[in-house]
$ cat model.txt   # compact mmCIF, C-alpha atoms
# COMPACT_ATOMS: atom_id res chain seq x y z
CA ALA V 39 -19.67 -20.05 -47.74
CA ALA V 40 -20.26 -17.23 -45.32
CA TRP V 41 -23.79 -16.53 -44.19
CA PRO V 42 -25.09 -13.03 -43.77
CA LYS V 43 -25.51 -12.14 -40.10
CA SER V 44 -29.27 -11.76 -40.62
CA SER V 45 -29.61 -15.53 -41.07
CA ALA V 46 -28.07 -16.38 -37.70
CA LEU V 47 -30.59 -17.85 -35.32
CA THR V 48 -30.83 -16.24 -31.94
CA VAL V 49 -32.14 -17.73 -28.76
CA ASP V 50 -33.70 -15.00 -26.69
CA ALA V 51 -35.04 -15.07 -23.15
CA ALA V 52 -38.34 -16.54 -24.38
CA GLU V 53 -39.38 -20.09 -23.65
CA ASP V 54 -38.71 -21.16 -27.24
CA ALA V 55 -35.83 -23.55 -27.75
CA CYS V 56 -33.54 -23.67 -30.77
CA ASN V 57 -34.05 -27.02 -32.48
CA VAL V 58 -31.18 -28.60 -34.42
CA LEU V 59 -31.50 -32.00 -36.09
CA ILE V 60 -28.31 -33.73 -37.23
CA VAL V 61 -28.65 -36.73 -39.57
CA GLY V 62 -26.42 -39.10 -41.50
CA VAL V 63 -25.34 -42.72 -41.66
CA GLY V 64 -23.26 -44.82 -39.30
CA GLY V 65 -19.64 -43.79 -38.99
CA GLN V 66 -20.03 -40.20 -40.20
CA GLY V 67 -19.87 -38.57 -36.77
CA VAL V 68 -23.50 -37.53 -36.27
CA ILE V 69 -23.29 -38.25 -32.54
CA MET V 70 -19.97 -36.39 -32.20
CA VAL V 71 -21.39 -33.29 -33.93
CA SER V 72 -24.48 -33.33 -31.68
CA LYS V 73 -22.40 -33.73 -28.51
CA VAL V 74 -20.13 -30.82 -29.52
CA LEU V 75 -23.16 -28.63 -30.23
CA ALA V 76 -24.79 -29.62 -26.91
CA LEU V 77 -21.60 -28.86 -24.98
CA LEU V 78 -21.19 -25.48 -26.71
CA ALA V 79 -24.80 -24.55 -25.94
CA GLN V 80 -24.27 -25.54 -22.28
CA THR V 81 -21.17 -23.36 -22.02
CA GLN V 82 -23.33 -20.44 -23.22
CA GLY V 83 -25.65 -20.99 -20.24
CA PHE V 84 -28.49 -22.66 -22.14
CA GLU V 85 -30.47 -25.63 -20.89
CA VAL V 86 -29.81 -28.47 -23.33
CA LYS V 87 -31.63 -31.68 -24.19
CA GLN V 88 -30.26 -34.21 -26.65
CA SER V 89 -31.68 -37.44 -28.02
CA GLU V 90 -30.04 -39.81 -30.48
CA VAL V 91 -30.86 -42.97 -32.41
CA HIS V 92 -28.06 -45.05 -33.84
CA GLY V 93 -29.44 -48.63 -33.82
CA MET V 94 -27.82 -50.33 -36.81
CA ALA V 95 -25.24 -47.61 -37.37
CA LYS V 96 -22.37 -50.07 -37.75
CA ARG V 97 -24.10 -51.44 -40.84
CA GLY V 98 -24.33 -48.05 -42.58
CA SER V 99 -27.85 -47.40 -41.38
CA SER V 100 -29.51 -44.11 -40.49
CA VAL V 101 -28.29 -42.13 -37.48
CA PHE V 102 -29.97 -39.01 -36.16
CA SER V 103 -29.69 -36.76 -33.16
CA HIS V 104 -31.99 -34.05 -31.84
CA VAL V 105 -30.34 -31.15 -29.99
CA ARG V 106 -32.59 -28.57 -28.32
CA PHE V 107 -31.30 -25.62 -26.33
CA GLY V 108 -32.69 -22.45 -24.83
CA ARG V 109 -33.62 -20.84 -21.54
CA ARG V 110 -36.01 -23.70 -20.81
CA VAL V 111 -36.26 -26.97 -22.74
CA TRP V 112 -38.96 -29.49 -21.88
CA SER V 113 -38.45 -32.35 -24.33
CA PRO V 114 -35.37 -33.88 -25.98
CA THR V 115 -37.12 -34.61 -29.27
CA ILE V 116 -38.15 -32.18 -31.98
CA PRO V 117 -41.63 -32.53 -33.50
CA LYS V 118 -42.01 -32.82 -37.27
CA GLY V 119 -42.03 -29.37 -38.86
CA GLU V 120 -40.27 -27.69 -35.91
CA VAL V 121 -36.56 -28.06 -36.80
CA ASP V 122 -34.80 -24.68 -36.99
CA ILE V 123 -31.61 -26.10 -38.53
CA LEU V 124 -31.23 -29.45 -40.27
CA VAL V 125 -27.61 -30.59 -40.68
CA ALA V 126 -27.19 -33.61 -42.96
CA LEU V 127 -23.89 -35.43 -43.27
CA GLU V 128 -25.26 -37.47 -46.19
CA TRP V 129 -27.42 -36.31 -49.10
CA ALA V 130 -30.32 -38.83 -49.07
CA GLU V 131 -30.62 -38.66 -45.27
CA GLY V 132 -30.93 -34.90 -45.54
CA LEU V 133 -33.73 -35.21 -48.08
CA ARG V 134 -35.49 -37.86 -46.00
CA TRP V 135 -35.58 -35.54 -42.97
CA LEU V 136 -36.59 -32.35 -44.83
CA PRO V 137 -40.24 -32.61 -43.66
CA PHE V 138 -38.96 -31.97 -40.12
CA LEU V 139 -37.60 -28.55 -41.15
CA LYS V 140 -39.92 -25.69 -40.29
CA PRO V 141 -40.83 -23.04 -42.84
CA GLY V 142 -37.99 -20.55 -42.82
CA GLY V 143 -35.57 -23.13 -41.37
CA ILE V 144 -31.96 -23.60 -42.45
CA PHE V 145 -30.79 -26.73 -44.31
CA ILE V 146 -27.04 -27.47 -44.30
CA CYS V 147 -26.08 -30.62 -46.19
CA ASP V 148 -23.03 -32.43 -47.48
CA THR V 149 -23.57 -33.41 -51.10
CA LYS V 150 -21.83 -36.75 -50.39
CA ARG V 151 -23.92 -39.70 -51.51
CA ILE V 152 -23.44 -42.98 -49.71
CA VAL V 153 -25.42 -45.45 -51.79
CA PRO V 154 -26.39 -48.49 -49.69
CA PRO V 155 -26.06 -51.97 -51.28
CA PHE V 156 -29.84 -52.51 -51.23
CA ALA V 157 -30.27 -49.50 -53.56
CA CYS V 158 -29.06 -51.60 -56.50
CA LEU V 159 -31.98 -53.02 -58.49
CA ASN V 160 -29.71 -55.71 -59.97
CA ARG V 161 -26.02 -56.56 -60.09
CA HIS V 162 -25.39 -55.63 -63.76
CA PRO V 163 -22.99 -52.71 -64.35
CA GLY V 164 -24.89 -49.52 -65.07
CA ALA V 165 -28.16 -50.86 -63.61
CA PRO V 166 -30.49 -48.18 -62.20
CA MET V 167 -30.46 -47.57 -58.46
CA ARG V 168 -33.18 -46.63 -56.01
CA TYR V 169 -31.46 -43.52 -54.74
CA SER V 170 -32.40 -39.87 -54.66
CA LYS V 171 -32.13 -38.17 -58.04
CA GLU V 172 -32.61 -34.63 -56.70
CA THR V 173 -29.77 -32.23 -57.28
CA PRO V 174 -28.70 -29.53 -54.80
CA ALA V 175 -30.31 -26.92 -57.10
CA ASP V 176 -33.64 -28.82 -56.96
CA VAL V 177 -33.61 -28.82 -53.16
CA VAL V 178 -32.27 -25.30 -52.61
CA ALA V 179 -35.14 -23.98 -54.71
CA HIS V 180 -37.70 -25.41 -52.24
CA VAL V 181 -36.11 -24.52 -48.90
CA ALA V 182 -36.07 -21.02 -47.39
CA GLU V 183 -32.33 -21.13 -46.69
CA ALA V 184 -30.25 -24.06 -47.91
CA TYR V 185 -26.55 -24.75 -48.28
CA ALA V 186 -25.32 -27.79 -50.21
CA ILE V 187 -21.63 -28.16 -49.42
CA ASP V 188 -19.22 -30.73 -50.80
CA ALA V 189 -17.73 -31.09 -47.31
CA THR V 190 -16.32 -34.55 -48.00
CA ASP V 191 -14.32 -33.30 -50.98
CA MET V 192 -13.12 -30.30 -48.95
CA ALA V 193 -12.01 -32.60 -46.12
CA GLU V 194 -10.28 -34.93 -48.58
CA LYS V 195 -8.30 -32.01 -49.99
CA LEU V 196 -7.30 -31.09 -46.42
CA GLY V 197 -6.00 -34.63 -45.92
CA ASN V 198 -8.78 -36.54 -44.12
CA GLU V 199 -12.20 -37.33 -45.60
CA ARG V 200 -13.52 -38.12 -42.10
CA ALA V 201 -13.21 -34.44 -41.16
CA ALA V 202 -16.28 -33.59 -43.31
CA ASN V 203 -18.38 -33.57 -40.14
CA VAL V 204 -16.15 -30.86 -38.67
CA ILE V 205 -16.56 -28.76 -41.83
CA LEU V 206 -20.36 -29.06 -41.49
CA LEU V 207 -20.09 -28.18 -37.78
CA GLY V 208 -18.22 -25.04 -38.86
CA ALA V 209 -21.02 -24.23 -41.33
CA LEU V 210 -23.54 -24.75 -38.52
CA SER V 211 -21.58 -22.39 -36.28
CA THR V 212 -22.17 -19.52 -38.70
CA ALA V 213 -25.93 -20.01 -38.38
CA LEU V 214 -25.90 -19.68 -34.59
CA GLN V 215 -25.52 -16.68 -32.35
CA PHE V 216 -22.52 -18.18 -30.53
$ encode --input "model.txt" --output "structure tokens"
Amino acid sequence: AAWPKSSALTVDAAEDACNVLIVGVGGQGVIMVSKVLALLAQTQGFEVKQSEVHGMAKRGSSVFSHVRFGRRVWSPTIPKGEVDILVALEWAEGLRWLPFLKPGGIFICDTKRIVPPFACLNRHPGAPMRYSKETPADVVAHVAEAYAIDATDMAEKLGNERAANVILLGALSTALQF
């Protein structure tokens, strides 16, 4: 989907940094997306700070990366409630990090659901799972500007499901000035 130009975030000459939080699970490319964004911001002349956590990523655990850029950036981490743009490569991770999004922030999320094994209450077919039941419509209604994109399906149709992160990076690019 194309965003109207009015929604693009601009980084002016003020001290304020643009805060982007990228979240997902191990193997989705969270770190790659954050490094590409950091490099692009650097090429635009911005000071950039980046911080990432990927502890148990190989086991499908949570991965997140803070990217802050602007004329002057003092800290690599973004305080809760100060994220300008939240990019989620997995649905439940996006919902888990929503409290970090500031009022008026932009939420870009793949609707892909990666249900971890521990979400199963029991092993019987059809058993209920402990996983987010919110639909994209439920979330979009509570966020100033939100985009739920089936990026994984789009990437699959293009021939490689693993390119979903690049599709979300493209969506992110429309929300930035550069």
$ closest_residue --input "model.txt" --among "V:Met70, V:Leu206, V:Cys56, V:Val181" --to "Ala193 (chain V)" --atoms "all atoms listed in the file"
V:Leu206
$ atom_distance --input "model.txt" --atom1 "CA of Asp191 (chain V)" --atom2 "CA of Gln88 (chain V)"
29.1 Å
$ closest_residue --input "model.txt" --among "V:Lys140, V:Arg106, V:Leu210, V:Leu133" --to "Lys118 (chain V)" --atoms "only C-alpha atoms"
V:Lys140
$ residues_around --input "model.txt" --residues "Val105 (chain V)" --least-positions-apart "3" --cutoff "9 Å" --atoms "all atoms listed in the file" --output "MDAnalysis selection string"
chainID V and resid 56:60 72:73 75:76 86:90 114:116
$ atom_distance --input "model.txt" --atom1 "CA of Arg200 (chain V)" --atom2 "CA of Ala130 (chain V)"
18.2 Å
$ closest_residue --input "model.txt" --among "V:Phe102, V:Phe84, V:Trp135, V:Phe107" --to "Ala55 (chain V)" --atoms "only C-alpha atoms"
V:Phe107
$ residues_near_point --input "model.txt" --point "(-34.8, -25.3, -19.9)" --cutoff "8 Å" --atoms "all atoms listed in the file" --output "compact mmCIF listing (two decimals) with C-alpha atoms, in the coordinates of the input"
# COMPACT_ATOMS: atom_id res chain seq x y z
CA GLU V 53 -39.38 -20.09 -23.65
CA PHE V 84 -28.49 -22.66 -22.14
CA GLU V 85 -30.47 -25.63 -20.89
CA VAL V 86 -29.81 -28.47 -23.33
CA PHE V 107 -31.30 -25.62 -26.33
CA GLY V 108 -32.69 -22.45 -24.83
CA ARG V 109 -33.62 -20.84 -21.54
CA ARG V 110 -36.01 -23.70 -20.81
CA VAL V 111 -36.26 -26.97 -22.74
CA TRP V 112 -38.96 -29.49 -21.88
$ closest_residue --input "model.txt" --among "V:Ala186, V:Val121, V:Leu136, V:Val101" --to "Ala209 (chain V)" --atoms "only C-alpha atoms"
V:Ala186
$ residues_around --input "model.txt" --residues "Ile144 (chain V)" --least-positions-apart "6" --cutoff "10 Å" --atoms "only C-alpha atoms" --output "ChimeraX atom specification"
/V:45-47,58,121-125,181-185,210,213
$ closest_residue --input "model.txt" --among "V:Pro141, V:Gly132, V:Gly119, V:Gly83" --to "Val63 (chain V)" --atoms "only C-alpha atoms"
V:Gly132
$ residues_around --input "model.txt" --residues "Phe216 (chain V)" --least-positions-apart "3" --cutoff "9 Å" --atoms "all atoms listed in the file" --output "ChimeraX atom specification"
/V:48,78-79,82,211-213
$ closest_residue --input "model.txt" --among "V:Asp54, V:Val68, V:Gly197, V:Ser99" --to "Glu120 (chain V)" --atoms "all atoms listed in the file"
V:Asp54
